[in-house]
Amino acid sequence: MAERRVYRATTTAPVNIAVVKYWGKRDPKLNLPTNSSLSVTLSQADLRTLTTASCSASYPAEEGDSLVLNGEPSDVSGARTQACFRELRARRAALEAADPSLPKLSTMPLRLVSENNFPTAAGLASSAAGFAALVRAIADLYELPASPSELSLIARQGSGSACRSLFGGYVAWRMGEAADGSDSTAEQVADASHWPDMRALILVVSAAKKGVSSTSGMQQTVATSGLFRERIARVVPQNMAAMEKAIRERDFASFAEVTMRDSNSFHATCADTYPPIFYMNDVSRAAIRAVEQINAAAGRTVAAYTFDAGPNAVIYYLEKDTEAVVGTLYHVLGGDISGWKDAVVKGLKPSLSLDEG
Ligand code: DP6
């Protein structure tokens, strides 16, 4: 009877949006970055991946491990998914070796079922929530005593930005120095409750799959952009320090300036890549102008834009400025931009932690 049993665990992981961007790998195999990065984890109720991991000796061995993503079978043979499975199985196998009474879950085929409640691969950090949820679900299934920091080290090997989705609030991914990546992990800089009035709004300019994936885009940038070398040597270290200070002091004007400058710097290195990579489109640029108008009209900085590897804008603002920011965005974009009719606005709060309800 026991061998028919299906073991199961379900978890959710939230999306995070970087305000100092990760762009560049110094070791593509271990997914080690060329620079540290910092993000805000968004409320998982709004944007999250829900993943169930199960295993059973009754699952046919010849079918192997499997993943169903948004109802479609998805390939798990990729090196990054395999690296996550291998790391998690090794940790489970160590527990089983230490305690022979434990069921041998590490030897059973894994089945994963995952659902995003937002567009996949549209520059909405779907791989971040996806790998964070995958790693967390399997770790729960295997009852691993792993800390979020240790899980972040595993999730990083699935997708770099995923390591930051293991924490809530304001999260830094320290690039580390070790060749084996053992010190390239994420850590919380501040809990969401430290700055609870922070809000993020996403302008879904396009839900289409992005043209150049982050992985190949950043490889091309590392190989060809001179501006990129300046970014990792000088710009990012400065932005990391200024961003951590701004968060510590809840200084929105500084938070916003660093966020916008870092997004501009990242997209400038994309334009400096040869051949150039363009993630933003006309609607994205109109959103930048709209934010500038909003800030000029307010006479202070009330909104900050940032763009990942896609055209969608994420706009950070404080709760008290909702009317000035959201109202004006509707007005400006709604009046002038034809593409705006497809855009979606979502107001989001930073999430507290992975376990938040
Ligand atoms: C622009 O984490 O998707 O969103 O490690 O190759 O999977 P891989 O890349 P990924 O890159 C994210 C890039 C970014 C910036 C960021 O999230 O820091």
# chains A, B, ... in the order shown; residues from 1 in each chain; ligands from 1
$ closest_atom_pairs --of "chain A" --to "ligand 1" --cutoff "10 Å" --atoms "only C-alpha atoms and all ligand atoms" --output "tab-separated table"
residue	atom	partner	partner_atom_place_in_ligand_line	distance
A:Val15	CA	ligand 1	17 (O)	9.7
A:Asn16	CA	ligand 1	17 (O)	7.4
A:Ile17	CA	ligand 1	17 (O)	6.0
A:Ala18	CA	ligand 1	18 (O)	4.8
A:Val19	CA	ligand 1	18 (O)	7.6
A:Val20	CA	ligand 1	18 (O)	6.6
A:Lys21	CA	ligand 1	18 (O)	3.8
A:Tyr22	CA	ligand 1	18 (O)	3.6
A:Trp23	CA	ligand 1	13 (C)	5.6
A:Gly24	CA	ligand 1	6 (O)	8.4
A:Lys25	CA	ligand 1	5 (O)	7.8
A:Pro28	CA	ligand 1	6 (O)	8.0
A:Leu30	CA	ligand 1	5 (O)	9.5
A:Asn31	CA	ligand 1	5 (O)	6.0
A:Leu32	CA	ligand 1	5 (O)	8.3
A:Pro33	CA	ligand 1	5 (O)	8.1
A:Asn35	CA	ligand 1	18 (O)	9.7
A:Ser36	CA	ligand 1	18 (O)	8.8
A:Ser37	CA	ligand 1	18 (O)	6.0
A:Leu38	CA	ligand 1	18 (O)	7.1
A:Ser39	CA	ligand 1	18 (O)	7.1
A:Arg80	CA	ligand 1	7 (O)	8.7
A:Ala121	CA	ligand 1	3 (O)	8.7
A:Gly123	CA	ligand 1	4 (O)	6.9
A:Leu124	CA	ligand 1	4 (O)	7.8
A:Ala125	CA	ligand 1	4 (O)	6.0
A:Ser126	CA	ligand 1	3 (O)	7.9
A:Ser127	CA	ligand 1	3 (O)	5.8
A:Ala128	CA	ligand 1	2 (O)	6.1
A:Ala129	CA	ligand 1	2 (O)	9.9
A:Phe131	CA	ligand 1	7 (O)	9.2
A:Ala155	CA	ligand 1	5 (O)	9.7
A:Arg156	CA	ligand 1	5 (O)	7.0
A:Gln157	CA	ligand 1	5 (O)	7.5
A:Gly158	CA	ligand 1	7 (O)	6.6
A:Ser159	CA	ligand 1	7 (O)	3.4
A:Gly160	CA	ligand 1	5 (O)	3.4
A:Ser161	CA	ligand 1	2 (O)	3.6
A:Ala162	CA	ligand 1	2 (O)	6.2
A:Cys163	CA	ligand 1	2 (O)	8.5
A:Arg164	CA	ligand 1	17 (O)	8.7
A:Ala172	CA	ligand 1	18 (O)	9.9
A:Trp173	CA	ligand 1	18 (O)	8.9
A:Ser213	CA	ligand 1	3 (O)	7.6
A:Ser214	CA	ligand 1	9 (O)	5.0
A:Thr215	CA	ligand 1	6 (O)	3.6
A:Ser216	CA	ligand 1	6 (O)	7.3
A:Gly217	CA	ligand 1	6 (O)	8.7
A:Met218	CA	ligand 1	6 (O)	7.6
A:Gln219	CA	ligand 1	6 (O)	8.7
A:Ser263	CA	ligand 1	1 (C)	8.8
A:Phe266	CA	ligand 1	1 (C)	7.9
A:His267	CA	ligand 1	1 (C)	9.0
A:Tyr279	CA	ligand 1	1 (C)	9.7
A:Thr306	CA	ligand 1	1 (C)	9.8
A:Phe307	CA	ligand 1	1 (C)	7.4
A:Asp308	CA	ligand 1	1 (C)	4.0
A:Ala309	CA	ligand 1	1 (C)	4.7
A:Gly310	CA	ligand 1	1 (C)	8.1
$ write_last_selection --atoms "C-alpha atoms" --output "mmCIF file, in the first residue's frame"
data_model
loop_
_atom_site.group_PDB
_atom_site.id
_atom_site.type_symbol
_atom_site.label_atom_id
_atom_site.label_comp_id
_atom_site.auth_asym_id
_atom_site.auth_seq_id
_atom_site.Cartn_x
_atom_site.Cartn_y
_atom_site.Cartn_z
ATOM 1 C CA VAL A 15 6.810 38.218 -8.675
ATOM 2 C CA ASN A 16 9.622 40.659 -7.902
ATOM 3 C CA ILE A 17 10.522 43.728 -9.935
ATOM 4 C CA ALA A 18 14.118 44.946 -9.773
ATOM 5 C CA VAL A 19 14.901 48.579 -9.064
ATOM 6 C CA VAL A 20 18.634 47.870 -9.600
ATOM 7 C CA LYS A 21 18.761 45.393 -12.467
ATOM 8 C CA TYR A 22 20.567 42.090 -12.852
ATOM 9 C CA TRP A 23 21.933 41.993 -16.397
ATOM 10 C CA GLY A 24 24.967 39.852 -17.184
ATOM 11 C CA LYS A 25 26.372 36.480 -16.129
ATOM 12 C CA PRO A 28 26.305 31.071 -17.303
ATOM 13 C CA LEU A 30 25.972 28.336 -12.359
ATOM 14 C CA ASN A 31 23.994 31.496 -13.192
ATOM 15 C CA LEU A 32 26.404 33.775 -11.373
ATOM 16 C CA PRO A 33 25.804 37.472 -12.079
ATOM 17 C CA ASN A 35 26.557 42.558 -10.575
ATOM 18 C CA SER A 36 24.411 42.644 -7.467
ATOM 19 C CA SER A 37 20.762 43.655 -7.852
ATOM 20 C CA LEU A 38 17.839 44.782 -5.704
ATOM 21 C CA SER A 39 14.105 44.279 -6.092
ATOM 22 C CA ARG A 80 18.567 24.906 -15.333
ATOM 23 C CA ALA A 121 7.467 35.610 -20.538
ATOM 24 C CA GLY A 123 8.786 40.797 -19.224
ATOM 25 C CA LEU A 124 6.712 40.270 -16.097
ATOM 26 C CA ALA A 125 9.316 38.250 -14.256
ATOM 27 C CA SER A 126 7.438 35.000 -14.781
ATOM 28 C CA SER A 127 10.636 32.939 -14.560
ATOM 29 C CA ALA A 128 11.359 34.526 -11.180
ATOM 30 C CA ALA A 129 8.076 33.488 -9.585
ATOM 31 C CA PHE A 131 11.484 28.907 -10.349
ATOM 32 C CA ALA A 155 16.420 28.941 -7.368
ATOM 33 C CA ARG A 156 19.222 31.155 -8.736
ATOM 34 C CA GLN A 157 20.378 28.221 -10.829
ATOM 35 C CA GLY A 158 16.910 28.036 -12.405
ATOM 36 C CA SER A 159 16.675 31.745 -13.179
ATOM 37 C CA GLY A 160 18.808 34.469 -11.640
ATOM 38 C CA SER A 161 15.979 36.769 -10.627
ATOM 39 C CA ALA A 162 14.139 33.825 -9.000
ATOM 40 C CA CYS A 163 16.489 33.912 -6.010
ATOM 41 C CA ARG A 164 14.938 37.244 -4.983
ATOM 42 C CA ALA A 172 19.150 42.238 -2.517
ATOM 43 C CA TRP A 173 20.871 39.527 -4.527
ATOM 44 C CA SER A 213 15.037 36.321 -23.919
ATOM 45 C CA SER A 214 16.863 37.762 -20.904
ATOM 46 C CA THR A 215 19.344 34.904 -20.992
ATOM 47 C CA SER A 216 20.473 35.436 -24.580
ATOM 48 C CA GLY A 217 20.101 39.229 -24.396
ATOM 49 C CA MET A 218 22.432 39.552 -21.443
ATOM 50 C CA GLN A 219 24.977 37.201 -22.999
ATOM 51 C CA SER A 263 16.365 51.280 -15.730
ATOM 52 C CA PHE A 266 20.171 48.969 -18.297
ATOM 53 C CA HIS A 267 18.259 49.844 -21.495
ATOM 54 C CA TYR A 279 12.779 46.068 -25.244
ATOM 55 C CA THR A 306 11.221 50.852 -14.520
ATOM 56 C CA PHE A 307 11.255 48.371 -17.427
ATOM 57 C CA ASP A 308 12.563 44.796 -17.524
ATOM 58 C CA ALA A 309 13.281 42.810 -20.699
ATOM 59 C CA GLY A 310 9.978 43.829 -22.298
#
$ residues_around --residues "Met108 of chain A" --least-positions-apart "6" --cutoff "12 Å" --atoms "only C-alpha atoms" --output "compact mmCIF listing (two decimals) with N, CA and C atoms, in the first residue's frame"
# COMPACT_ATOMS: atom_id res chain seq x y z
N GLU A 3 3.68 1.99 -1.10
CA GLU A 3 4.35 2.43 -2.33
C GLU A 3 3.41 3.07 -3.35
N ARG A 4 2.06 2.95 -3.11
CA ARG A 4 1.10 3.61 -4.00
C ARG A 4 0.88 5.05 -3.60
N ARG A 5 1.33 5.38 -2.43
CA ARG A 5 1.03 6.70 -1.87
C ARG A 5 1.59 7.83 -2.74
N VAL A 6 0.77 8.91 -2.88
CA VAL A 6 1.25 10.11 -3.59
C VAL A 6 1.57 11.17 -2.54
N TYR A 7 2.81 11.63 -2.54
CA TYR A 7 3.24 12.70 -1.64
C TYR A 7 3.08 14.02 -2.38
N ALA A 53 3.87 20.22 -6.26
CA ALA A 53 4.87 19.19 -6.57
C ALA A 53 4.37 17.88 -5.94
N SER A 54 4.46 16.80 -6.70
CA SER A 54 4.11 15.51 -6.13
C SER A 54 5.10 14.45 -6.59
N CYS A 55 5.19 13.38 -5.83
CA CYS A 55 6.02 12.26 -6.25
C CYS A 55 5.40 10.98 -5.68
N SER A 56 5.64 9.90 -6.40
CA SER A 56 5.08 8.63 -5.97
C SER A 56 5.83 7.50 -6.65
N ALA A 57 5.97 6.40 -5.92
CA ALA A 57 6.59 5.21 -6.53
C ALA A 57 5.66 4.63 -7.59
N SER A 58 4.38 5.04 -7.55
CA SER A 58 3.43 4.52 -8.54
C SER A 58 3.51 5.29 -9.86
N TYR A 59 4.20 6.42 -9.89
CA TYR A 59 4.40 7.14 -11.16
C TYR A 59 5.38 6.34 -12.02
N PRO A 60 5.01 6.04 -13.28
CA PRO A 60 5.90 5.19 -14.09
C PRO A 60 7.29 5.82 -14.26
N ALA A 61 8.32 5.05 -13.92
CA ALA A 61 9.69 5.56 -13.98
C ALA A 61 10.04 6.01 -15.38
N GLU A 62 9.51 5.30 -16.41
CA GLU A 62 9.90 5.64 -17.79
C GLU A 62 9.35 7.02 -18.21
N GLU A 63 8.32 7.51 -17.50
CA GLU A 63 7.80 8.85 -17.83
C GLU A 63 8.69 9.95 -17.27
N GLY A 64 9.49 9.61 -16.28
CA GLY A 64 10.43 10.58 -15.71
C GLY A 64 9.74 11.73 -15.01
N ASP A 65 10.48 12.82 -14.80
CA ASP A 65 9.92 14.02 -14.16
C ASP A 65 9.13 14.80 -15.19
N SER A 66 8.09 15.51 -14.72
CA SER A 66 7.28 16.27 -15.68
C SER A 66 6.78 17.57 -15.07
N PHE A 85 16.41 20.32 -9.81
CA PHE A 85 16.00 18.97 -9.39
C PHE A 85 17.17 18.26 -8.70
N ARG A 89 17.10 17.00 -4.90
CA ARG A 89 17.16 15.55 -4.67
C ARG A 89 18.35 15.18 -3.79
N ARG A 92 17.50 15.86 -0.26
CA ARG A 92 16.56 14.86 0.26
C ARG A 92 17.30 13.52 0.49
N ALA A 93 18.14 13.15 -0.46
CA ALA A 93 18.86 11.87 -0.35
C ALA A 93 19.72 11.86 0.91
N LEU A 141 7.85 19.47 -0.31
CA LEU A 141 7.53 18.06 -0.55
C LEU A 141 8.56 17.16 0.14
N TYR A 142 9.83 17.54 0.00
CA TYR A 142 10.92 16.74 0.56
C TYR A 142 11.17 17.03 2.05
$ residues_around --residues "Ala246 of chain A" --least-positions-apart "2" --cutoff "12 Å" --atoms "only C-alpha atoms" --output "mmCIF file with C-alpha atoms, in the first residue's frame"
data_model
loop_
_atom_site.group_PDB
_atom_site.id
_atom_site.type_symbol
_atom_site.label_atom_id
_atom_site.label_comp_id
_atom_site.auth_asym_id
_atom_site.auth_seq_id
_atom_site.Cartn_x
_atom_site.Cartn_y
_atom_site.Cartn_z
ATOM 1 C CA VAL A 19 14.901 48.579 -9.064
ATOM 2 C CA TYR A 170 12.986 44.720 -0.338
ATOM 3 C CA VAL A 189 17.168 44.380 3.016
ATOM 4 C CA ALA A 190 13.887 45.430 4.660
ATOM 5 C CA TRP A 195 7.812 50.945 4.073
ATOM 6 C CA ASN A 239 23.088 52.535 -7.373
ATOM 7 C CA MET A 240 23.105 49.624 -4.905
ATOM 8 C CA ALA A 241 24.521 51.819 -2.140
ATOM 9 C CA ALA A 242 22.163 54.723 -2.896
ATOM 10 C CA MET A 243 19.158 52.384 -3.137
ATOM 11 C CA GLU A 244 19.844 50.677 0.182
ATOM 12 C CA ARG A 248 16.584 52.497 4.956
ATOM 13 C CA GLU A 249 15.548 56.165 5.202
ATOM 14 C CA ARG A 250 12.223 55.713 3.347
ATOM 15 C CA ASP A 251 13.364 58.486 1.007
ATOM 16 C CA PHE A 252 11.019 58.129 -1.972
ATOM 17 C CA ALA A 253 12.628 60.867 -4.105
ATOM 18 C CA SER A 254 16.000 59.066 -3.957
ATOM 19 C CA PHE A 255 14.407 55.626 -4.377
ATOM 20 C CA ALA A 256 12.643 56.925 -7.481
ATOM 21 C CA GLU A 257 15.668 58.629 -9.005
ATOM 22 C CA VAL A 258 17.890 55.561 -8.613
ATOM 23 C CA THR A 259 15.110 53.305 -9.973
#
$ select_by_dssp --residues "segment 73-313 of chain A" --states "alpha helix (DSSP H)" --output "number ranges by chain"
A: 79-98, 126-141, 148-158, 214-224, 226-230, 236-248, 252-271, 282-298
$ write_last_selection --atoms "C-alpha atoms" --output "compact mmCIF listing (two decimals), in the first residue's frame"
# COMPACT_ATOMS: atom_id res chain seq x y z
CA ALA A 79 20.04 22.35 -17.75
CA ARG A 80 18.57 24.91 -15.33
CA THR A 81 15.52 22.88 -14.34
CA GLN A 82 17.73 19.81 -14.07
CA ALA A 83 20.15 21.70 -11.81
CA CYS A 84 17.28 22.58 -9.44
CA PHE A 85 16.00 18.97 -9.39
CA ARG A 86 19.53 17.66 -8.78
CA GLU A 87 20.24 20.06 -5.89
CA LEU A 88 16.91 19.33 -4.20
CA ARG A 89 17.16 15.55 -4.67
CA ALA A 90 20.69 15.53 -3.26
CA ARG A 91 19.48 17.30 -0.11
CA ARG A 92 16.56 14.86 0.26
CA ALA A 93 18.86 11.87 -0.35
CA ALA A 94 21.12 13.11 2.48
CA LEU A 95 18.13 13.18 4.86
CA GLU A 96 17.10 9.67 3.76
CA ALA A 97 20.65 8.38 4.26
CA ALA A 98 20.70 9.82 7.79
CA SER A 126 7.44 35.00 -14.78
CA SER A 127 10.64 32.94 -14.56
CA ALA A 128 11.36 34.53 -11.18
CA ALA A 129 8.08 33.49 -9.58
CA GLY A 130 8.13 30.21 -11.54
CA PHE A 131 11.48 28.91 -10.35
CA ALA A 132 10.98 30.25 -6.82
CA ALA A 133 7.68 28.34 -6.58
CA LEU A 134 9.16 25.21 -8.16
CA VAL A 135 12.08 25.10 -5.73
CA ARG A 136 9.94 25.93 -2.73
CA ALA A 137 7.27 23.32 -3.63
CA ILE A 138 9.84 20.53 -4.01
CA ALA A 139 11.67 21.61 -0.83
CA ASP A 140 8.33 21.43 1.03
CA LEU A 141 7.53 18.06 -0.55
CA PRO A 148 15.17 30.86 2.34
CA SER A 149 18.81 31.82 1.70
CA GLU A 150 19.73 28.22 0.83
CA LEU A 151 16.63 27.91 -1.36
CA SER A 152 17.60 31.17 -3.08
CA LEU A 153 20.93 29.58 -4.00
CA ILE A 154 19.06 26.72 -5.71
CA ALA A 155 16.42 28.94 -7.37
CA ARG A 156 19.22 31.15 -8.74
CA GLN A 157 20.38 28.22 -10.83
CA GLY A 158 16.91 28.04 -12.41
CA SER A 214 16.86 37.76 -20.90
CA THR A 215 19.34 34.90 -20.99
CA SER A 216 20.47 35.44 -24.58
CA GLY A 217 20.10 39.23 -24.40
CA MET A 218 22.43 39.55 -21.44
CA GLN A 219 24.98 37.20 -23.00
CA GLN A 220 25.08 39.41 -26.12
CA THR A 221 25.43 42.52 -23.94
CA VAL A 222 28.34 41.03 -21.95
CA ALA A 223 30.08 40.04 -25.18
CA THR A 224 29.66 43.28 -27.13
CA GLY A 226 31.52 48.75 -23.78
CA LEU A 227 28.93 50.70 -21.83
CA PHE A 228 28.10 47.50 -19.92
CA ARG A 229 31.63 47.43 -18.45
CA GLU A 230 31.12 50.94 -17.10
CA VAL A 236 25.59 49.51 -10.29
CA PRO A 237 27.78 49.66 -7.15
CA GLN A 238 26.75 53.32 -6.73
CA ASN A 239 23.09 52.53 -7.37
CA MET A 240 23.11 49.62 -4.90
CA ALA A 241 24.52 51.82 -2.14
CA ALA A 242 22.16 54.72 -2.90
CA MET A 243 19.16 52.38 -3.14
CA GLU A 244 19.84 50.68 0.18
CA LYS A 245 20.19 54.09 1.85
CA ALA A 246 16.95 55.33 0.25
CA ILE A 247 15.06 52.25 1.48
CA ARG A 248 16.58 52.50 4.96
CA PHE A 252 11.02 58.13 -1.97
CA ALA A 253 12.63 60.87 -4.11
CA SER A 254 16.00 59.07 -3.96
CA PHE A 255 14.41 55.63 -4.38
CA ALA A 256 12.64 56.93 -7.48
CA GLU A 257 15.67 58.63 -9.01
CA VAL A 258 17.89 55.56 -8.61
CA THR A 259 15.11 53.31 -9.97
CA MET A 260 14.66 55.42 -13.11
CA ARG A 261 18.39 55.96 -13.65
CA ASP A 262 19.11 52.25 -13.28
CA SER A 263 16.36 51.28 -15.73
CA ASN A 264 17.70 53.86 -18.20
CA SER A 265 21.26 52.57 -17.71
CA PHE A 266 20.17 48.97 -18.30
CA HIS A 267 18.26 49.84 -21.50
CA ALA A 268 21.20 51.99 -22.67
CA THR A 269 23.48 48.93 -22.41
CA CYS A 270 20.88 47.00 -24.43
CA ALA A 271 21.01 49.71 -27.11
CA ASP A 282 6.53 53.79 -28.30
CA VAL A 283 3.97 53.15 -25.56
CA SER A 284 6.80 52.44 -23.08
CA ARG A 285 8.44 55.75 -23.96
CA ALA A 286 5.08 57.54 -23.64
CA ALA A 287 4.80 56.08 -20.13
CA ILE A 288 8.23 57.57 -19.28
CA ARG A 289 7.06 60.98 -20.50
CA ALA A 290 3.83 60.60 -18.52
CA VAL A 291 5.80 59.92 -15.32
CA GLU A 292 7.94 62.99 -16.00
CA GLN A 293 4.76 65.07 -16.46
CA ILE A 294 3.28 63.69 -13.25
CA ASN A 295 6.41 64.57 -11.28
CA ALA A 296 6.64 68.05 -12.84
CA ALA A 297 2.97 68.75 -12.10
CA ALA A 298 3.38 67.61 -8.48
$ residues_around --residues "Asn312 of chain A" --least-positions-apart "6" --cutoff "6 Å" --atoms "only C-alpha atoms" --output "PyMOL selection string"
chain A and resi 203-205
$ write_last_selection --atoms "N, CA and C atoms" --output "CSV table (one decimal), in the first residue's frame"
chain,number,residue,atom,x,y,z
A,203,LEU,N,1.8,48.6,-16.1
A,203,LEU,CA,1.1,48.9,-17.4
A,203,LEU,C,1.5,47.8,-18.3
A,204,VAL,N,0.5,46.9,-18.6
A,204,VAL,CA,0.7,45.8,-19.5
A,204,VAL,C,0.6,46.4,-20.9
A,205,VAL,N,1.7,46.8,-21.4
A,205,VAL,CA,1.7,47.4,-22.8
A,205,VAL,C,1.5,46.3,-23.8
$ decode --residues "segment 101-139 of chain A" --atoms "C-alpha atoms" --output "compact mmCIF listing (two decimals), in the first residue's frame"
# COMPACT_ATOMS: atom_id res chain seq x y z
CA SER A 101 12.85 5.23 8.19
CA LEU A 102 12.10 8.11 5.80
CA PRO A 103 10.33 7.24 2.51
CA LYS A 104 12.73 7.34 -0.45
CA LEU A 105 11.13 10.33 -2.16
CA SER A 106 14.44 11.24 -3.82
CA THR A 107 14.18 8.17 -6.06
CA MET A 108 10.59 8.78 -7.23
CA PRO A 109 9.55 10.64 -10.41
CA LEU A 110 8.43 14.22 -9.76
CA ARG A 111 5.30 15.78 -11.19
CA LEU A 112 4.87 19.54 -11.13
CA VAL A 113 1.77 21.51 -11.97
CA SER A 114 2.20 25.27 -12.17
CA GLU A 115 -0.16 28.17 -12.91
CA ASN A 116 0.71 31.85 -13.37
CA ASN A 117 -2.03 34.42 -12.87
CA PHE A 118 -0.24 36.83 -15.27
CA PRO A 119 1.21 36.65 -18.82
CA THR A 120 4.18 34.27 -19.11
CA ALA A 121 7.47 35.61 -20.54
CA ALA A 122 6.13 39.09 -21.28
CA GLY A 123 8.79 40.80 -19.22
CA LEU A 124 6.71 40.27 -16.10
CA ALA A 125 9.32 38.25 -14.26
CA SER A 126 7.44 35.00 -14.78
CA SER A 127 10.64 32.94 -14.56
CA ALA A 128 11.36 34.53 -11.18
CA ALA A 129 8.08 33.49 -9.58
CA GLY A 130 8.13 30.21 -11.54
CA PHE A 131 11.48 28.91 -10.35
CA ALA A 132 10.98 30.25 -6.82
CA ALA A 133 7.68 28.34 -6.58
CA LEU A 134 9.16 25.21 -8.16
CA VAL A 135 12.08 25.10 -5.73
CA ARG A 136 9.94 25.93 -2.73
CA ALA A 137 7.27 23.32 -3.63
CA ILE A 138 9.84 20.53 -4.01
CA ALA A 139 11.67 21.61 -0.83
